[in-house]
$ cat work_30.cif   # mmCIF, C-alpha atoms, pLDDT in the B column; chains and numbers go by the auth columns
data_target
#
loop_
_atom_site.group_PDB
_atom_site.id
_atom_site.type_symbol
_atom_site.label_atom_id
_atom_site.label_comp_id
_atom_site.label_asym_id
_atom_site.label_seq_id
_atom_site.Cartn_x
_atom_site.Cartn_y
_atom_site.Cartn_z
_atom_site.B_iso_or_equiv
_atom_site.auth_seq_id
_atom_site.auth_asym_id
ATOM 1 C CA MET A 1 0.000 0.000 0.000 60.00 1 D
ATOM 2 C CA GLN A 2 1.340 3.413 -0.978 68.00 2 D
ATOM 3 C CA PHE A 3 0.794 6.321 1.390 77.00 3 D
ATOM 4 C CA HIS A 4 0.618 9.712 -0.299 86.00 4 D
ATOM 5 C CA ARG A 5 2.218 12.738 1.304 88.00 5 D
ATOM 6 C CA PRO A 6 -1.087 14.390 2.313 89.00 6 D
ATOM 7 C CA PHE A 7 -1.985 11.229 4.252 89.00 7 D
ATOM 8 C CA LYS A 8 1.443 11.090 5.914 91.00 8 D
ATOM 9 C CA LEU A 9 1.188 14.731 6.907 91.00 9 D
ATOM 10 C CA PHE A 10 -2.290 14.253 8.371 93.00 10 D
ATOM 11 C CA PHE A 11 -1.031 11.237 10.317 93.00 11 D
ATOM 12 C CA VAL A 12 1.953 13.152 11.764 93.00 12 D
ATOM 13 C CA LEU A 13 -0.092 16.229 12.678 93.00 13 D
ATOM 14 C CA GLY A 14 -2.786 14.011 14.170 93.00 14 D
ATOM 15 C CA SER A 15 -0.217 12.147 16.263 94.00 15 D
ATOM 16 C CA ILE A 16 1.195 15.426 17.586 93.00 16 D
ATOM 17 C CA PHE A 17 -2.327 16.604 18.351 91.00 17 D
ATOM 18 C CA ILE A 18 -3.303 13.475 20.304 92.00 18 D
ATOM 19 C CA THR A 19 0.006 13.355 22.215 92.00 19 D
ATOM 20 C CA PHE A 20 -0.169 16.960 23.418 90.00 20 D
ATOM 21 C CA LEU A 21 -3.893 16.662 24.121 84.00 21 D
ATOM 22 C CA LEU A 22 -3.499 13.624 26.368 86.00 22 D
ATOM 23 C CA MET A 23 -0.469 15.106 28.133 87.00 23 D
ATOM 24 C CA ALA A 24 -2.516 18.218 28.897 81.00 24 D
ATOM 25 C CA GLU A 25 -5.236 16.055 30.407 78.00 25 D
ATOM 26 C CA VAL A 26 -2.937 13.822 32.462 79.00 26 D
ATOM 27 C CA THR A 27 -0.871 16.697 33.888 80.00 27 D
ATOM 28 C CA GLY A 28 -3.723 19.196 34.265 73.00 28 D
ATOM 29 C CA SER A 29 -4.427 18.378 37.910 74.00 29 D
ATOM 30 C CA LYS A 30 -1.074 19.807 39.012 80.00 30 D
ATOM 31 C CA TRP A 31 -0.954 23.524 39.677 79.00 31 D
ATOM 32 C CA PHE A 32 2.142 25.719 39.627 81.00 32 D
ATOM 33 C CA GLN A 33 2.898 29.363 40.307 79.00 33 D
ATOM 34 C CA VAL A 34 4.762 31.979 38.336 79.00 34 D
ATOM 35 C CA ALA A 35 5.997 35.116 40.083 75.00 35 D
ATOM 36 C CA ILE A 36 5.430 38.360 38.184 74.00 36 D
ATOM 37 C CA GLY A 37 6.759 41.176 40.287 71.00 37 D
ATOM 38 C CA SER A 38 5.308 40.810 43.763 70.00 38 D
ATOM 39 C CA LYS A 39 2.345 38.738 42.576 74.00 39 D
ATOM 40 C CA ALA A 40 2.258 34.952 42.246 76.00 40 D
ATOM 41 C CA LEU A 41 -0.001 33.657 39.450 75.00 41 D
ATOM 42 C CA THR A 42 -1.406 30.135 39.657 80.00 42 D
ATOM 43 C CA MET A 43 -1.828 28.001 36.531 79.00 43 D
ATOM 44 C CA THR A 44 -2.331 24.350 35.673 79.00 44 D
ATOM 45 C CA LEU A 45 0.373 22.288 33.974 81.00 45 D
ATOM 46 C CA GLY A 46 -2.099 21.591 31.196 77.00 46 D
ATOM 47 C CA VAL A 47 -1.484 25.081 29.803 78.00 47 D
ATOM 48 C CA ILE A 48 2.007 24.022 28.686 82.00 48 D
ATOM 49 C CA PRO A 49 1.112 21.349 26.083 82.00 49 D
ATOM 50 C CA PHE A 50 -2.497 22.364 25.308 74.00 50 D
ATOM 51 C CA PRO A 51 -1.856 25.457 23.102 72.00 51 D
ATOM 52 C CA ILE A 52 -0.014 23.204 20.652 81.00 52 D
ATOM 53 C CA THR A 53 -3.289 21.396 19.929 79.00 53 D
ATOM 54 C CA PHE A 54 -4.843 24.599 18.639 74.00 54 D
ATOM 55 C CA ILE A 55 -1.823 25.330 16.446 78.00 55 D
ATOM 56 C CA VAL A 56 -2.141 21.870 14.913 87.00 56 D
ATOM 57 C CA THR A 57 -5.882 22.453 14.523 81.00 57 D
ATOM 58 C CA ASP A 58 -5.190 25.646 12.577 79.00 58 D
ATOM 59 C CA LEU A 59 -2.700 23.867 10.307 85.00 59 D
ATOM 60 C CA LEU A 60 -5.173 21.069 9.644 87.00 60 D
ATOM 61 C CA ASN A 61 -7.939 23.581 9.015 82.00 61 D
ATOM 62 C CA GLU A 62 -5.690 25.324 6.506 82.00 62 D
ATOM 63 C CA TYR A 63 -5.085 22.253 4.348 88.00 63 D
ATOM 64 C CA TYR A 64 -7.760 19.674 5.230 89.00 64 D
ATOM 65 C CA GLY A 65 -10.743 21.896 5.948 83.00 65 D
ATOM 66 C CA ARG A 66 -13.337 21.744 8.679 79.00 66 D
ATOM 67 C CA ARG A 67 -14.235 18.130 7.961 83.00 67 D
ATOM 68 C CA GLY A 68 -10.664 17.023 8.534 85.00 68 D
ATOM 69 C CA VAL A 69 -10.394 18.950 11.796 82.00 69 D
ATOM 70 C CA ARG A 70 -13.777 17.752 13.040 82.00 70 D
ATOM 71 C CA TYR A 71 -12.734 14.183 12.369 88.00 71 D
ATOM 72 C CA LEU A 72 -9.569 14.589 14.424 88.00 72 D
ATOM 73 C CA THR A 73 -11.523 16.428 17.136 82.00 73 D
ATOM 74 C CA LEU A 74 -13.851 13.442 17.420 85.00 74 D
ATOM 75 C CA VAL A 75 -10.908 11.042 17.586 89.00 75 D
ATOM 76 C CA GLY A 76 -9.318 13.216 20.274 86.00 76 D
ATOM 77 C CA MET A 77 -12.495 13.193 22.335 83.00 77 D
ATOM 78 C CA VAL A 78 -12.719 9.401 22.111 88.00 78 D
ATOM 79 C CA MET A 79 -9.073 9.129 23.222 88.00 79 D
ATOM 80 C CA ILE A 80 -9.769 11.373 26.234 82.00 80 D
ATOM 81 C CA VAL A 81 -12.722 9.199 27.242 84.00 81 D
ATOM 82 C CA LEU A 82 -10.635 6.053 26.740 88.00 82 D
ATOM 83 C CA ALA A 83 -7.849 7.520 28.906 84.00 83 D
ATOM 84 C CA PHE A 84 -10.425 8.290 31.607 82.00 84 D
ATOM 85 C CA PHE A 85 -11.694 4.705 31.722 86.00 85 D
ATOM 86 C CA LEU A 86 -8.148 3.311 31.683 88.00 86 D
ATOM 87 C CA LEU A 87 -7.295 5.482 34.687 84.00 87 D
ATOM 88 C CA GLN A 88 -10.386 4.225 36.513 85.00 88 D
ATOM 89 C CA LEU A 89 -9.303 0.649 35.801 90.00 89 D
ATOM 90 C CA ASP A 90 -5.735 1.344 36.909 90.00 90 D
ATOM 91 C CA MET A 91 -6.894 2.882 40.181 87.00 91 D
ATOM 92 C CA ALA A 92 -9.099 -0.140 40.889 89.00 92 D
ATOM 93 C CA ILE A 93 -6.170 -2.580 40.632 93.00 93 D
ATOM 94 C CA PRO A 94 -4.318 -2.925 43.970 92.00 94 D
ATOM 95 C CA ALA A 95 -0.609 -2.128 43.961 91.00 95 D
ATOM 96 C CA ALA A 96 1.876 -4.908 44.709 91.00 96 D
ATOM 97 C CA GLY A 97 3.662 -4.842 48.038 86.00 97 D
ATOM 98 C CA ASN A 98 6.970 -3.949 46.393 89.00 98 D
ATOM 99 C CA SER A 99 5.490 -1.393 43.998 91.00 99 D
ATOM 100 C CA PRO A 100 7.527 1.857 43.908 90.00 100 D
ATOM 101 C CA VAL A 101 4.201 3.748 43.777 88.00 101 D
ATOM 102 C CA ASP A 102 1.606 2.746 46.361 90.00 102 D
ATOM 103 C CA ASP A 103 -2.171 2.951 45.948 90.00 103 D
ATOM 104 C CA HIS A 104 -2.517 6.156 47.957 88.00 104 D
ATOM 105 C CA SER A 105 0.088 8.051 45.913 86.00 105 D
ATOM 106 C CA PHE A 106 -1.411 6.796 42.663 86.00 106 D
ATOM 107 C CA GLN A 107 -4.918 7.815 43.762 84.00 107 D
ATOM 108 C CA VAL A 108 -3.797 11.274 44.882 79.00 108 D
ATOM 109 C CA VAL A 109 -2.367 12.008 41.426 77.00 109 D
ATOM 110 C CA PHE A 110 -4.826 10.353 39.080 77.00 110 D
ATOM 111 C CA PHE A 111 -8.128 10.735 40.926 70.00 111 D
ATOM 112 C CA ASN A 112 -7.936 14.490 40.356 63.00 112 D
ATOM 113 C CA THR A 113 -6.854 13.808 36.784 61.00 113 D
ATOM 114 C CA GLY A 114 -10.169 12.020 36.270 62.00 114 D
ATOM 115 C CA GLN A 115 -12.025 15.135 37.395 62.00 115 D
ATOM 116 C CA VAL A 116 -9.948 17.294 35.083 66.00 116 D
ATOM 117 C CA ILE A 117 -10.663 14.960 32.180 69.00 117 D
ATOM 118 C CA THR A 118 -14.394 15.209 32.826 69.00 118 D
ATOM 119 C CA GLY A 119 -14.230 18.993 32.656 70.00 119 D
ATOM 120 C CA SER A 120 -11.887 18.868 29.710 69.00 120 D
ATOM 121 C CA ILE A 121 -14.248 16.787 27.591 72.00 121 D
ATOM 122 C CA VAL A 122 -16.856 19.546 27.775 72.00 122 D
ATOM 123 C CA ALA A 123 -14.335 22.369 27.356 72.00 123 D
ATOM 124 C CA TYR A 124 -12.503 20.541 24.596 68.00 124 D
ATOM 125 C CA LEU A 125 -15.564 20.106 22.399 71.00 125 D
ATOM 126 C CA ILE A 126 -16.703 23.695 22.870 73.00 126 D
ATOM 127 C CA GLY A 127 -13.222 25.143 22.356 70.00 127 D
ATOM 128 C CA GLN A 128 -12.374 23.066 19.308 68.00 128 D
ATOM 129 C CA LEU A 129 -15.678 23.700 17.543 70.00 129 D
ATOM 130 C CA VAL A 130 -15.385 27.446 18.170 73.00 130 D
ATOM 131 C CA ASP A 131 -11.754 27.446 16.986 69.00 131 D
ATOM 132 C CA ILE A 132 -12.688 25.646 13.767 69.00 132 D
ATOM 133 C CA GLN A 133 -15.586 27.961 12.946 72.00 133 D
ATOM 134 C CA VAL A 134 -13.827 31.231 13.810 76.00 134 D
ATOM 135 C CA PHE A 135 -10.704 30.203 11.870 72.00 135 D
ATOM 136 C CA HIS A 136 -12.770 29.357 8.793 70.00 136 D
ATOM 137 C CA LEU A 137 -14.836 32.559 9.081 76.00 137 D
ATOM 138 C CA ILE A 138 -11.766 34.828 9.335 75.00 138 D
ATOM 139 C CA ARG A 139 -10.143 32.933 6.488 72.00 139 D
ATOM 140 C CA LYS A 140 -13.138 33.519 4.213 72.00 140 D
ATOM 141 C CA LYS A 141 -13.451 37.192 5.174 74.00 141 D
ATOM 142 C CA THR A 142 -9.755 37.869 4.517 73.00 142 D
ATOM 143 C CA LYS A 143 -9.773 35.790 1.315 67.00 143 D
ATOM 144 C CA ASN A 144 -7.072 33.423 2.552 65.00 144 D
ATOM 145 C CA LYS A 145 -4.775 36.280 3.621 71.00 145 D
ATOM 146 C CA LEU A 146 -3.483 37.362 7.053 71.00 146 D
ATOM 147 C CA LEU A 147 -2.549 33.938 8.398 66.00 147 D
ATOM 148 C CA TRP A 148 -1.547 35.458 11.741 68.00 148 D
ATOM 149 C CA LEU A 149 -5.025 36.968 12.192 73.00 149 D
ATOM 150 C CA ARG A 150 -6.992 33.774 11.667 70.00 150 D
ATOM 151 C CA ALA A 151 -4.557 31.701 13.726 67.00 151 D
ATOM 152 C CA THR A 152 -4.470 34.099 16.687 70.00 152 D
ATOM 153 C CA GLY A 153 -8.088 35.244 16.396 70.00 153 D
ATOM 154 C CA SER A 154 -9.521 31.732 16.480 71.00 154 D
ATOM 155 C CA THR A 155 -7.267 30.833 19.417 70.00 155 D
ATOM 156 C CA ILE A 156 -8.426 33.853 21.459 74.00 156 D
ATOM 157 C CA PHE A 157 -12.097 32.904 21.236 71.00 157 D
ATOM 158 C CA SER A 158 -11.597 29.178 21.732 73.00 158 D
ATOM 159 C CA GLN A 159 -9.123 29.504 24.593 72.00 159 D
ATOM 160 C CA LEU A 160 -11.305 31.993 26.434 76.00 160 D
ATOM 161 C CA LEU A 161 -14.088 29.429 26.570 73.00 161 D
ATOM 162 C CA ASP A 162 -11.787 26.479 27.187 73.00 162 D
ATOM 163 C CA SER A 163 -9.847 28.128 30.024 74.00 163 D
ATOM 164 C CA TYR A 164 -12.976 28.931 32.024 80.00 164 D
ATOM 165 C CA VAL A 165 -15.069 25.860 31.259 75.00 165 D
ATOM 166 C CA VAL A 166 -12.413 23.275 32.142 72.00 166 D
ATOM 167 C CA ILE A 167 -11.510 24.912 35.478 77.00 167 D
ATOM 168 C CA PHE A 168 -15.059 25.550 36.638 80.00 168 D
ATOM 169 C CA VAL A 169 -16.359 22.130 35.626 72.00 169 D
ATOM 170 C CA ALA A 170 -13.373 20.279 37.110 70.00 170 D
ATOM 171 C CA TYR A 171 -13.145 22.146 40.425 73.00 171 D
ATOM 172 C CA TRP A 172 -16.569 23.690 41.061 74.00 172 D
ATOM 173 C CA GLY A 173 -17.532 23.083 44.688 72.00 173 D
ATOM 174 C CA THR A 174 -13.950 22.266 45.667 73.00 174 D
ATOM 175 C CA TYR A 175 -12.521 25.799 45.508 78.00 175 D
ATOM 176 C CA ASP A 176 -14.144 29.220 45.851 84.00 176 D
ATOM 177 C CA PHE A 177 -15.181 31.306 42.847 86.00 177 D
ATOM 178 C CA GLN A 178 -12.352 33.809 43.258 85.00 178 D
ATOM 179 C CA THR A 179 -9.706 31.083 43.106 85.00 179 D
ATOM 180 C CA LEU A 180 -11.256 29.426 40.055 84.00 180 D
ATOM 181 C CA ASN A 181 -11.703 32.738 38.277 87.00 181 D
ATOM 182 C CA SER A 182 -8.106 33.732 38.996 85.00 182 D
ATOM 183 C CA ILE A 183 -6.708 30.463 37.624 82.00 183 D
ATOM 184 C CA SER A 184 -9.000 30.640 34.573 84.00 184 D
ATOM 185 C CA TYR A 185 -8.007 34.104 33.428 79.00 185 D
ATOM 186 C CA THR A 186 -4.343 33.439 34.218 83.00 186 D
ATOM 187 C CA ASN A 187 -4.464 30.296 32.061 79.00 187 D
ATOM 188 C CA PHE A 188 -6.227 32.247 29.323 81.00 188 D
ATOM 189 C CA PHE A 189 -3.735 35.117 29.148 81.00 189 D
ATOM 190 C CA TYR A 190 -0.817 32.698 29.276 80.00 190 D
ATOM 191 C CA LYS A 191 -2.210 30.754 26.321 76.00 191 D
ATOM 192 C CA ILE A 192 -2.779 33.934 24.325 77.00 192 D
ATOM 193 C CA PHE A 193 0.749 35.114 25.109 80.00 193 D
ATOM 194 C CA ILE A 194 2.097 31.778 23.881 77.00 194 D
ATOM 195 C CA ALA A 195 -0.144 31.824 20.788 74.00 195 D
ATOM 196 C CA ILE A 196 1.140 35.264 19.791 77.00 196 D
ATOM 197 C CA GLY A 197 4.736 34.372 20.643 79.00 197 D
ATOM 198 C CA ILE A 198 4.823 31.294 18.438 76.00 198 D
ATOM 199 C CA THR A 199 3.155 32.922 15.417 78.00 199 D
ATOM 200 C CA PRO A 200 6.487 32.803 13.538 82.00 200 D
ATOM 201 C CA LEU A 201 6.483 29.026 14.052 82.00 201 D
ATOM 202 C CA ILE A 202 3.110 28.813 12.296 80.00 202 D
ATOM 203 C CA TYR A 203 4.560 30.598 9.274 83.00 203 D
ATOM 204 C CA LEU A 204 7.566 28.287 9.415 87.00 204 D
ATOM 205 C CA ALA A 205 5.251 25.257 9.564 86.00 205 D
ATOM 206 C CA HIS A 206 3.334 26.550 6.536 84.00 206 D
ATOM 207 C CA TYR A 207 6.567 27.008 4.639 88.00 207 D
ATOM 208 C CA TRP A 208 7.675 23.467 5.474 90.00 208 D
ATOM 209 C CA ILE A 209 4.276 21.939 4.638 90.00 209 D
ATOM 210 C CA GLU A 210 4.067 23.711 1.275 89.00 210 D
ATOM 211 C CA LYS A 211 7.599 22.614 0.460 90.00 211 D
ATOM 212 C CA TYR A 212 6.787 19.039 1.504 90.00 212 D
ATOM 213 C CA LEU A 213 3.472 18.815 -0.362 88.00 213 D
ATOM 214 C CA GLY A 214 4.499 20.795 -3.431 87.00 214 D
ATOM 215 C CA GLU A 215 1.618 21.533 -5.800 84.00 215 D
ATOM 216 C CA ASP A 216 -0.785 19.576 -3.609 85.00 216 D
ATOM 217 C CA ALA A 217 -0.495 22.254 -0.888 83.00 217 D
ATOM 218 C CA HIS A 218 -2.172 24.919 -3.036 83.00 218 D
ATOM 219 C CA LYS A 219 -4.900 22.530 -4.198 85.00 219 D
ATOM 220 C CA MET A 220 -5.631 21.425 -0.642 85.00 220 D
ATOM 221 C CA ALA A 221 -5.716 25.001 0.668 80.00 221 D
ATOM 222 C CA GLU A 222 -8.117 26.054 -2.088 81.00 222 D
ATOM 223 C CA ALA A 223 -10.348 23.050 -1.464 80.00 223 D
ATOM 224 C CA ALA A 224 -10.397 23.773 2.275 75.00 224 D
ATOM 225 C CA LEU A 225 -11.305 27.416 1.616 72.00 225 D
ATOM 226 C CA LYS A 226 -14.190 26.483 -0.679 73.00 226 D
ATOM 227 C CA GLU A 227 -15.468 23.811 1.696 65.00 227 D
ATOM 228 C CA GLY A 228 -19.096 24.362 2.552 49.00 228 D
ATOM 229 C CA LYS A 229 -19.871 26.079 -0.754 49.00 229 D
ATOM 230 C CA GLU A 230 -19.428 23.049 -2.937 45.00 230 D
ATOM 231 C CA GLU A 231 -18.481 19.406 -2.630 42.00 231 D
ATOM 232 C CA VAL A 232 -14.718 19.102 -2.601 41.00 232 D
ATOM 233 C CA GLN A 233 -12.215 16.489 -1.568 44.00 233 D
ATOM 234 C CA PRO A 234 -10.367 17.349 1.685 46.00 234 D
ATOM 235 C CA TYR A 235 -7.098 16.384 0.001 44.00 235 D
ATOM 236 C CA PRO A 236 -6.126 14.962 -3.383 45.00 236 D
ATOM 237 C CA GLY A 237 -5.687 11.269 -3.938 43.00 237 D
#
$ encode --input "work_30.cif" --output "C-alpha cells"
Amino acid sequence: MQFHRPFKLFFVLGSIFITFLLMAEVTGSKWFQVAIGSKALTMTLGVIPFPITFIVTDLLNEYYGRRGVRYLTLVGMVMIVLAFFLLQLDMAIPAAGNSPVDDHSFQVVFFNTGQVITGSIVAYLIGQLVDIQVFHLIRKKTKNKLLWLRATGSTIFSQLLDSYVVIFVAYWGTYDFQTLNSISYTNFFYKIFIAIGITPLIYLAHYWIEKYLGEDAHKMAEAALKEGKEEVQPYPG
C-alpha cells in the first residue's frame, strides 16, 4: 500500500495533536505558580502542552478543511474518554507490596486527573468547535490572507471558553469562585501570550508543509477554503 504525502502529513499532525492533548489532560491536575513582580499567578500544567493542539488544529484547518479537523476532534475526544476509563481501571487494581508507587500516591495524582478529564471533555468540544468555525470565518473574510489573524483570532475565542469551562467544571464546589476565576483568566492570558509568541512558528510550519506537499499544498488550501460552498475532496488522492 502506498501512502501519499497528504496522508502522511495528516497522520503526523494528528499524532502530535493526540500526544499533546493527552499530556494536557494527564498533567492538568497539578498547579504551579509563576511570580510576576510581587504577585504569584497560579496556573495548571495543562497550559504548557495544550496550546499546541490549537496550532495543529489551525494547520489542519488550513489544508484539510473543517471536515478534517472535526474528524480529528472526534478522535481526540474518544481518546480522552478512553484515557479516563483506563485510569479508573488502573486505580481499581491494587498495587503490589513492592510497587515503587503505592495505591494512595497513585490515587492522589490520578483521581484528580479524572475530574480534570471530565471537565476537559466539555471544554474541549466547545473550544475546538469554536476554533474551527472562527478560523474558517476569518479565512473567508480575509480571502485566505493574514494567516496570523486567523490563527491568533480563532485561538483567542476558543481559549477563552476552554480556560474557564475546564476549570469551573473540574473544580466547582472544591474551591471558591475567586480562586477558580483567577486560575481561569491566568491560564487564558498565558495561552494567548504563547499563541502570539509562536506565530512565527506557524509561518515556518506553513513554509515546510508547502515545500513538503508541493503543488498539492495549493490545491488542498483552495479546497479547504471552498469547503461548505461546494463538494470538494479534503485532500487529493
$ closest_residue --input "work_30.cif" --among "D:Gly119, D:Pro51, D:Gly46, D:Gly97" --to "Val81 of chain D" --atoms "all atoms listed in the file"
D:Gly119
$ atom_distance --input "work_30.cif" --atom1 "atom CA of Leu146 of chain D" --atom2 "atom CA of Tyr203 of chain D"
10.7 Å
$ resolve_selection --input "work_30.cif" --expression "the PyMOL selection byres ((chain D and resi 205) around 12)" --output "tab-separated table (two decimals) with C-alpha atoms, in the coordinates of the input"
chain	number	residue	atom	x	y	z
D	9	LEU	CA	1.19	14.73	6.91
D	13	LEU	CA	-0.09	16.23	12.68
D	55	ILE	CA	-1.82	25.33	16.45
D	56	VAL	CA	-2.14	21.87	14.91
D	58	ASP	CA	-5.19	25.65	12.58
D	59	LEU	CA	-2.70	23.87	10.31
D	60	LEU	CA	-5.17	21.07	9.64
D	62	GLU	CA	-5.69	25.32	6.51
D	63	TYR	CA	-5.08	22.25	4.35
D	147	LEU	CA	-2.55	33.94	8.40
D	198	ILE	CA	4.82	31.29	18.44
D	199	THR	CA	3.16	32.92	15.42
D	200	PRO	CA	6.49	32.80	13.54
D	201	LEU	CA	6.48	29.03	14.05
D	202	ILE	CA	3.11	28.81	12.30
D	203	TYR	CA	4.56	30.60	9.27
D	204	LEU	CA	7.57	28.29	9.41
D	206	HIS	CA	3.33	26.55	6.54
D	207	TYR	CA	6.57	27.01	4.64
D	208	TRP	CA	7.68	23.47	5.47
D	209	ILE	CA	4.28	21.94	4.64
D	210	GLU	CA	4.07	23.71	1.27
D	211	LYS	CA	7.60	22.61	0.46
D	212	TYR	CA	6.79	19.04	1.50
D	213	LEU	CA	3.47	18.82	-0.36
$ resolve_selection --input "work_30.cif" --expression "the PyMOL selection byres ((chain D and resi 69) around 12)" --output "number ranges by chain"
D: 10, 13-14, 17, 53-68, 70-76, 125, 128-133, 135-136, 224, 234
$ residues_around --input "work_30.cif" --residues "Asp216 of chain D" --least-positions-apart "2" --cutoff "9 Å" --atoms "only C-alpha atoms" --output "list of chain:residue names"
D:Arg5, D:Pro6, D:Glu210, D:Leu213, D:Gly214, D:His218, D:Lys219, D:Met220, D:Ala221, D:Tyr235, D:Pro236
$ write_last_selection --input "work_30.cif" --atoms "C-alpha atoms" --output "mmCIF file, keeping the file's coordinate frame"
data_model
loop_
_atom_site.group_PDB
_atom_site.id
_atom_site.type_symbol
_atom_site.label_atom_id
_atom_site.label_comp_id
_atom_site.auth_asym_id
_atom_site.auth_seq_id
_atom_site.Cartn_x
_atom_site.Cartn_y
_atom_site.Cartn_z
ATOM 1 C CA ARG D 5 2.218 12.738 1.304
ATOM 2 C CA PRO D 6 -1.087 14.390 2.313
ATOM 3 C CA GLU D 210 4.067 23.711 1.275
ATOM 4 C CA LEU D 213 3.472 18.815 -0.362
ATOM 5 C CA GLY D 214 4.499 20.795 -3.431
ATOM 6 C CA HIS D 218 -2.172 24.919 -3.036
ATOM 7 C CA LYS D 219 -4.900 22.530 -4.198
ATOM 8 C CA MET D 220 -5.631 21.425 -0.642
ATOM 9 C CA ALA D 221 -5.716 25.001 0.668
ATOM 10 C CA TYR D 235 -7.098 16.384 0.001
ATOM 11 C CA PRO D 236 -6.126 14.962 -3.383
#
$ atom_distance --input "work_30.cif" --atom1 "atom CA of Thr179 of chain D" --atom2 "atom CA of Ser38 of chain D"
17.9 Å
$ resolve_selection --input "work_30.cif" --expression "the PyMOL selection byres ((chain D and resi 193) around 12)" --output "short mmCIF file (atom, residue, chain, number, x, y, z; two decimals) with C-alpha atoms, in the coordinates of the input"
data_model
loop_
_atom_site.label_atom_id
_atom_site.label_comp_id
_atom_site.auth_asym_id
_atom_site.auth_seq_id
_atom_site.Cartn_x
_atom_site.Cartn_y
_atom_site.Cartn_z
CA VAL D 47 -1.48 25.08 29.80
CA ILE D 48 2.01 24.02 28.69
CA PRO D 51 -1.86 25.46 23.10
CA THR D 152 -4.47 34.10 16.69
CA THR D 155 -7.27 30.83 19.42
CA ILE D 156 -8.43 33.85 21.46
CA GLN D 159 -9.12 29.50 24.59
CA THR D 186 -4.34 33.44 34.22
CA ASN D 187 -4.46 30.30 32.06
CA PHE D 188 -6.23 32.25 29.32
CA PHE D 189 -3.74 35.12 29.15
CA TYR D 190 -0.82 32.70 29.28
CA LYS D 191 -2.21 30.75 26.32
CA ILE D 192 -2.78 33.93 24.32
CA ILE D 194 2.10 31.78 23.88
CA ALA D 195 -0.14 31.82 20.79
CA ILE D 196 1.14 35.26 19.79
CA GLY D 197 4.74 34.37 20.64
CA ILE D 198 4.82 31.29 18.44
CA THR D 199 3.16 32.92 15.42
#
$ closest_residue --input "work_30.cif" --among "D:Tyr171, D:Phe106, D:Phe20, D:Phe84" --to "Ile121 of chain D" --atoms "only C-alpha atoms"
D:Phe84
$ decode --input "work_30.cif" --residues "segment 2-50 of chain D" --atoms "C-alpha atoms" --output "short mmCIF file (atom, residue, chain, number, x, y, z; two decimals), in the first residue's frame"
data_model
loop_
_atom_site.label_atom_id
_atom_site.label_comp_id
_atom_site.auth_asym_id
_atom_site.auth_seq_id
_atom_site.Cartn_x
_atom_site.Cartn_y
_atom_site.Cartn_z
CA GLN D 2 1.34 3.41 -0.98
CA PHE D 3 0.79 6.32 1.39
CA HIS D 4 0.62 9.71 -0.30
CA ARG D 5 2.22 12.74 1.30
CA PRO D 6 -1.09 14.39 2.31
CA PHE D 7 -1.98 11.23 4.25
CA LYS D 8 1.44 11.09 5.91
CA LEU D 9 1.19 14.73 6.91
CA PHE D 10 -2.29 14.25 8.37
CA PHE D 11 -1.03 11.24 10.32
CA VAL D 12 1.95 13.15 11.76
CA LEU D 13 -0.09 16.23 12.68
CA GLY D 14 -2.79 14.01 14.17
CA SER D 15 -0.22 12.15 16.26
CA ILE D 16 1.19 15.43 17.59
CA PHE D 17 -2.33 16.60 18.35
CA ILE D 18 -3.30 13.48 20.30
CA THR D 19 0.01 13.36 22.22
CA PHE D 20 -0.17 16.96 23.42
CA LEU D 21 -3.89 16.66 24.12
CA LEU D 22 -3.50 13.62 26.37
CA MET D 23 -0.47 15.11 28.13
CA ALA D 24 -2.52 18.22 28.90
CA GLU D 25 -5.24 16.06 30.41
CA VAL D 26 -2.94 13.82 32.46
CA THR D 27 -0.87 16.70 33.89
CA GLY D 28 -3.72 19.20 34.27
CA SER D 29 -4.43 18.38 37.91
CA LYS D 30 -1.07 19.81 39.01
CA TRP D 31 -0.95 23.52 39.68
CA PHE D 32 2.14 25.72 39.63
CA GLN D 33 2.90 29.36 40.31
CA VAL D 34 4.76 31.98 38.34
CA ALA D 35 6.00 35.12 40.08
CA ILE D 36 5.43 38.36 38.18
CA GLY D 37 6.76 41.18 40.29
CA SER D 38 5.31 40.81 43.76
CA LYS D 39 2.34 38.74 42.58
CA ALA D 40 2.26 34.95 42.25
CA LEU D 41 0.00 33.66 39.45
CA THR D 42 -1.41 30.14 39.66
CA MET D 43 -1.83 28.00 36.53
CA THR D 44 -2.33 24.35 35.67
CA LEU D 45 0.37 22.29 33.97
CA GLY D 46 -2.10 21.59 31.20
CA VAL D 47 -1.48 25.08 29.80
CA ILE D 48 2.01 24.02 28.69
CA PRO D 49 1.11 21.35 26.08
CA PHE D 50 -2.50 22.36 25.31
#
